[in-house]
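Remarks on the structure that follows.
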Amino acid sequence: MKNLIILLALFLISSCSGNNEKVLANMDKVYGCDNPHRQLTDIEYKICVDKQRSSGEPLEMDELRTNLSDLFSIERGSGTYIASVNKPLWDSALKITKEYPLKIADNQGGYIETDWIYSIDSLNQRCAIKISILSTELVSNGIESNFLCQKQVDEIWVADGIDYTNEEKQLTLKILNEASKISQLSNL
(Lines give C-alpha, C1' and ligand atoms only; values in the text may rest on other atoms or scores of the structure.)
Protein backbone atom coordinates (compact mmCIF):
# COMPACT_ATOMS: atom_id res chain seq x y z
CA MET A 1 0.00 0.00 0.00
CA LYS A 2 2.84 2.40 0.87
CA ASN A 3 4.53 1.70 -2.44
CA LEU A 4 1.30 2.45 -4.30
CA ILE A 5 0.91 5.79 -2.52
CA ILE A 6 4.55 6.69 -3.22
CA LEU A 7 4.18 5.79 -6.92
CA LEU A 8 0.97 7.80 -7.16
CA ALA A 9 2.65 10.82 -5.49
CA LEU A 10 5.65 10.58 -7.82
CA PHE A 11 3.33 10.37 -10.83
CA LEU A 12 1.42 13.48 -9.75
CA ILE A 13 4.62 15.43 -9.03
CA SER A 14 6.20 14.54 -12.37
CA SER A 15 3.06 15.33 -14.34
CA CYS A 16 2.67 18.70 -12.63
CA SER A 17 6.27 19.76 -13.14
CA GLY A 18 6.09 19.34 -16.93
CA ASN A 19 3.06 21.60 -17.13
CA ASN A 20 4.67 24.38 -15.06
CA GLU A 21 6.31 26.05 -18.08
CA LYS A 22 3.07 25.78 -20.07
CA VAL A 23 1.14 27.33 -17.20
CA LEU A 24 3.69 30.17 -16.91
CA ALA A 25 3.54 30.79 -20.67
CA ASN A 26 -0.27 30.95 -20.53
CA MET A 27 -0.09 33.33 -17.56
CA ASP A 28 2.39 35.50 -19.50
CA LYS A 29 -0.23 35.80 -22.24
CA VAL A 30 -2.89 36.81 -19.72
CA TYR A 31 -0.86 39.12 -17.47
CA GLY A 32 1.92 40.22 -19.82
CA CYS A 33 4.77 41.84 -17.95
CA ASP A 34 2.73 41.93 -14.72
CA ASN A 35 2.65 38.14 -14.35
CA PRO A 36 2.73 37.69 -10.56
CA HIS A 37 4.54 34.34 -10.92
CA ARG A 38 7.54 35.91 -12.68
CA GLN A 39 10.16 37.82 -10.77
CA LEU A 40 11.67 40.40 -13.11
CA THR A 41 14.36 42.89 -12.23
CA ASP A 42 13.47 46.56 -12.64
CA ILE A 43 15.29 46.82 -15.98
CA GLU A 44 13.72 43.57 -17.29
CA TYR A 45 10.29 44.85 -16.34
CA LYS A 46 10.86 48.26 -17.95
CA ILE A 47 12.08 46.69 -21.21
CA CYS A 48 9.19 44.23 -21.19
CA VAL A 49 6.63 47.02 -20.74
CA ASP A 50 8.27 49.15 -23.46
CA LYS A 51 8.30 46.25 -25.92
CA GLN A 52 4.74 45.35 -25.01
CA ARG A 53 3.62 48.93 -25.68
CA SER A 54 5.43 49.09 -29.01
CA SER A 55 4.13 45.74 -30.29
CA GLY A 56 0.74 45.69 -28.63
CA GLU A 57 1.35 42.11 -27.45
CA PRO A 58 2.91 40.65 -24.32
CA LEU A 59 6.51 39.58 -24.71
CA GLU A 60 7.53 36.00 -23.95
CA MET A 61 9.90 35.94 -20.96
CA ASP A 62 12.50 33.75 -22.73
CA GLU A 63 12.58 36.31 -25.57
CA LEU A 64 12.99 39.14 -23.04
CA ARG A 65 15.97 37.49 -21.34
CA THR A 66 17.63 36.77 -24.70
CA ASN A 67 17.15 40.37 -25.81
CA LEU A 68 18.59 41.69 -22.54
CA SER A 69 21.74 39.62 -22.81
CA ASP A 70 22.20 40.68 -26.44
CA LEU A 71 21.66 44.35 -25.63
CA PHE A 72 23.80 44.78 -22.57
CA SER A 73 26.60 42.24 -22.71
CA ILE A 74 29.55 41.63 -24.93
CA GLU A 75 31.54 38.56 -23.93
CA ARG A 76 35.21 39.35 -23.26
CA GLY A 77 37.26 36.35 -22.24
CA SER A 78 36.13 35.09 -18.86
CA GLY A 79 34.20 38.21 -17.81
CA THR A 80 31.46 40.39 -19.21
CA TYR A 81 31.92 43.95 -20.45
CA ILE A 82 28.88 46.17 -20.09
CA ALA A 83 28.66 48.42 -23.14
CA SER A 84 27.46 51.82 -21.95
CA VAL A 85 29.65 53.94 -24.26
CA ASN A 86 30.91 53.58 -27.81
CA LYS A 87 34.11 51.52 -27.68
CA PRO A 88 35.89 53.21 -30.65
CA LEU A 89 35.14 56.66 -29.15
CA TRP A 90 36.42 55.51 -25.76
CA ASP A 91 39.58 53.94 -27.18
CA SER A 92 40.38 56.96 -29.35
CA ALA A 93 39.81 59.41 -26.46
CA LEU A 94 42.26 57.39 -24.35
CA LYS A 95 44.74 57.29 -27.21
CA ILE A 96 44.56 61.06 -27.77
CA THR A 97 45.03 61.82 -24.04
CA LYS A 98 47.71 59.19 -23.37
CA GLU A 99 50.51 61.77 -23.11
CA TYR A 100 48.78 63.54 -20.20
CA PRO A 101 48.36 62.23 -16.65
CA LEU A 102 44.78 61.03 -16.18
CA LYS A 103 42.85 61.92 -13.06
CA ILE A 104 39.67 60.02 -13.99
CA ALA A 105 39.05 57.38 -16.66
CA ASP A 106 35.56 55.93 -16.14
CA ASN A 107 34.66 53.62 -19.04
CA GLN A 108 31.20 52.88 -17.63
CA GLY A 109 30.25 56.54 -17.36
CA GLY A 110 32.25 57.53 -20.44
CA TYR A 111 34.23 60.24 -18.69
CA ILE A 112 37.92 61.14 -18.94
CA GLU A 113 39.60 63.96 -17.05
CA THR A 114 43.27 64.79 -17.08
CA ASP A 115 45.17 66.04 -14.11
CA TRP A 116 46.41 69.63 -14.31
CA ILE A 117 48.68 70.13 -17.31
CA TYR A 118 51.47 72.68 -16.90
CA SER A 119 53.66 74.18 -19.60
CA ILE A 120 57.39 74.40 -18.89
CA ASP A 121 57.35 77.90 -20.41
CA SER A 122 54.57 79.17 -18.16
CA LEU A 123 54.26 77.60 -14.71
CA ASN A 124 51.65 80.14 -13.62
CA GLN A 125 49.10 78.71 -16.06
CA ARG A 126 47.50 75.26 -16.03
CA CYS A 127 44.78 73.43 -17.96
CA ALA A 128 42.74 70.25 -17.62
CA ILE A 129 40.94 68.38 -20.38
CA LYS A 130 37.52 66.87 -19.75
CA ILE A 131 35.96 64.45 -22.24
CA SER A 132 32.48 62.98 -22.00
CA ILE A 133 31.31 60.19 -24.28
CA LEU A 134 27.58 60.61 -24.56
CA SER A 135 26.52 57.79 -26.90
CA THR A 136 26.82 54.08 -27.50
CA GLU A 137 26.95 54.85 -31.23
CA LEU A 138 29.72 56.44 -33.27
CA VAL A 139 28.04 59.79 -33.99
CA SER A 140 29.45 63.30 -34.16
CA ASN A 141 27.45 64.52 -31.17
CA GLY A 142 28.40 61.44 -29.15
CA ILE A 143 31.40 63.15 -27.58
CA GLU A 144 32.01 66.44 -25.82
CA SER A 145 35.40 67.98 -25.01
CA ASN A 146 36.08 70.82 -22.58
CA PHE A 147 39.17 72.72 -21.56
CA LEU A 148 39.42 74.19 -18.08
CA CYS A 149 42.33 76.62 -17.84
CA GLN A 150 43.47 78.72 -14.92
CA LYS A 151 46.18 81.26 -14.22
CA GLN A 152 47.84 82.03 -10.95
CA VAL A 153 47.25 85.50 -9.56
CA ASP A 154 48.80 86.30 -6.17
CA GLU A 155 49.20 82.57 -5.44
CA ILE A 156 45.50 81.92 -6.13
CA TRP A 157 44.33 79.92 -9.15
CA VAL A 158 41.53 81.67 -11.09
CA ALA A 159 39.86 80.97 -14.44
CA ASP A 160 41.82 82.61 -17.23
CA GLY A 161 38.67 83.81 -19.03
CA ILE A 162 39.86 82.68 -22.47
CA ASP A 163 37.39 81.04 -24.86
CA TYR A 164 38.72 77.60 -25.89
CA THR A 165 35.80 76.65 -28.16
CA ASN A 166 38.03 76.22 -31.22
CA GLU A 167 40.51 74.01 -29.35
CA GLU A 168 37.66 71.92 -27.92
CA LYS A 169 36.25 71.42 -31.44
CA GLN A 170 39.68 70.43 -32.75
CA LEU A 171 40.10 67.86 -29.97
CA THR A 172 36.61 66.46 -30.60
CA LEU A 173 37.31 66.17 -34.34
CA LYS A 174 40.63 64.45 -33.67
CA ILE A 175 38.91 61.90 -31.42
CA LEU A 176 36.11 61.34 -33.96
CA ASN A 177 38.61 60.80 -36.79
CA GLU A 178 40.59 58.32 -34.73
CA ALA A 179 37.37 56.52 -33.66
CA SER A 180 36.31 56.30 -37.30
CA LYS A 181 39.63 54.64 -38.19
CA ILE A 182 39.31 52.19 -35.29
CA SER A 183 35.73 51.37 -36.29
CA GLN A 184 36.68 50.77 -39.92
CA LEU A 185 39.56 48.49 -38.94
CA SER A 186 37.33 46.44 -36.64
CA ASN A 187 34.74 45.97 -39.43
CA LEU A 188 37.32 44.43 -41.81
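Each chain in the C-alpha coordinates gets a letter, A, B and so on, in the order shown; residues start at 1 in every chain, and ligands are counted from 1 in the order they appear.
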
* Distance query range 122-136 of chain A at most 9 Å, only C-alpha atoms, self and fewer than 3 positions along chain excluded, as JSON, numbers by chain -> {"A": [83, 84, 85, 86, 87, 89, 90, 93, 97, 109, 110, 111, 112, 113, 114, 115, 116, 117, 118, 119, 139, 141, 142, 143, 144, 145, 146, 147, 148, 149, 150, 151, 152, 153, 155, 157, 160, 168, 172]}

* What does the distance from CA of Lys181 in chain A to CA of Tyr164 in chain A come to in Å, to one decimal? -> 26.1 Å

* Choose the residue, out of A:Val158, A:Ala25, A:Asp91, A:Leu102, that has the smallest atom-to-atom separation from His37 in chain A; count only C-alpha atoms. => A:Ala25

* To do: Could you please determine the separation between CA of Asp42 in chain A and CA of Asn26 in chain A in Å, to one decimal place?
  => 22.2 Å

* Asked: Which of range 151-180 of chain A counts as strand (DSSP E or B) under DSSP, as a list in words please?
  -> Lys151, Gln152, Val153, Ile156, Trp157, Val158 and Ala159 of chain A

Using only N, CA, C and O atoms, please write the residues we just selected to a file, as a PDB file, in the first residue's frame.
ATOM      1  N   LYS A 151      44.888  80.570 -14.374  1.00  0.00           N
ATOM      2  CA  LYS A 151      46.175  81.257 -14.223  1.00  0.00           C
ATOM      3  C   LYS A 151      46.333  81.599 -12.744  1.00  0.00           C
ATOM      4  O   LYS A 151      45.365  81.747 -12.005  1.00  0.00           O
ATOM      5  N   GLN A 152      47.568  81.746 -12.346  1.00  0.00           N
ATOM      6  CA  GLN A 152      47.841  82.027 -10.946  1.00  0.00           C
ATOM      7  C   GLN A 152      48.023  83.528 -10.764  1.00  0.00           C
ATOM      8  O   GLN A 152      48.848  84.170 -11.409  1.00  0.00           O
ATOM      9  N   VAL A 153      47.183  84.081  -9.873  1.00  0.00           N
ATOM     10  CA  VAL A 153      47.246  85.504  -9.557  1.00  0.00           C
ATOM     11  C   VAL A 153      47.399  85.610  -8.039  1.00  0.00           C
ATOM     12  O   VAL A 153      46.516  85.196  -7.287  1.00  0.00           O
ATOM     13  N   ILE A 156      46.850  82.475  -6.089  1.00  0.00           N
ATOM     14  CA  ILE A 156      45.496  81.917  -6.131  1.00  0.00           C
ATOM     15  C   ILE A 156      45.195  81.558  -7.581  1.00  0.00           C
ATOM     16  O   ILE A 156      45.421  82.356  -8.496  1.00  0.00           O
ATOM     17  N   TRP A 157      44.666  80.354  -7.808  1.00  0.00           N
ATOM     18  CA  TRP A 157      44.328  79.917  -9.154  1.00  0.00           C
ATOM     19  C   TRP A 157      42.928  80.406  -9.505  1.00  0.00           C
ATOM     20  O   TRP A 157      41.972  80.143  -8.781  1.00  0.00           O
ATOM     21  N   VAL A 158      42.816  81.151 -10.617  1.00  0.00           N
ATOM     22  CA  VAL A 158      41.533  81.673 -11.093  1.00  0.00           C
ATOM     23  C   VAL A 158      41.384  81.321 -12.566  1.00  0.00           C
ATOM     24  O   VAL A 158      42.363  81.113 -13.292  1.00  0.00           O
ATOM     25  N   ALA A 159      40.125  81.248 -13.023  1.00  0.00           N
ATOM     26  CA  ALA A 159      39.858  80.965 -14.440  1.00  0.00           C
ATOM     27  C   ALA A 159      40.500  82.039 -15.298  1.00  0.00           C
ATOM     28  O   ALA A 159      40.461  83.230 -14.958  1.00  0.00           O
TER      29      ALA A 159
END

* Structure fact -> One decimal place gives the CA of Asp106 in chain A-CA of Leu138 in chain A separation as 18.1 Å
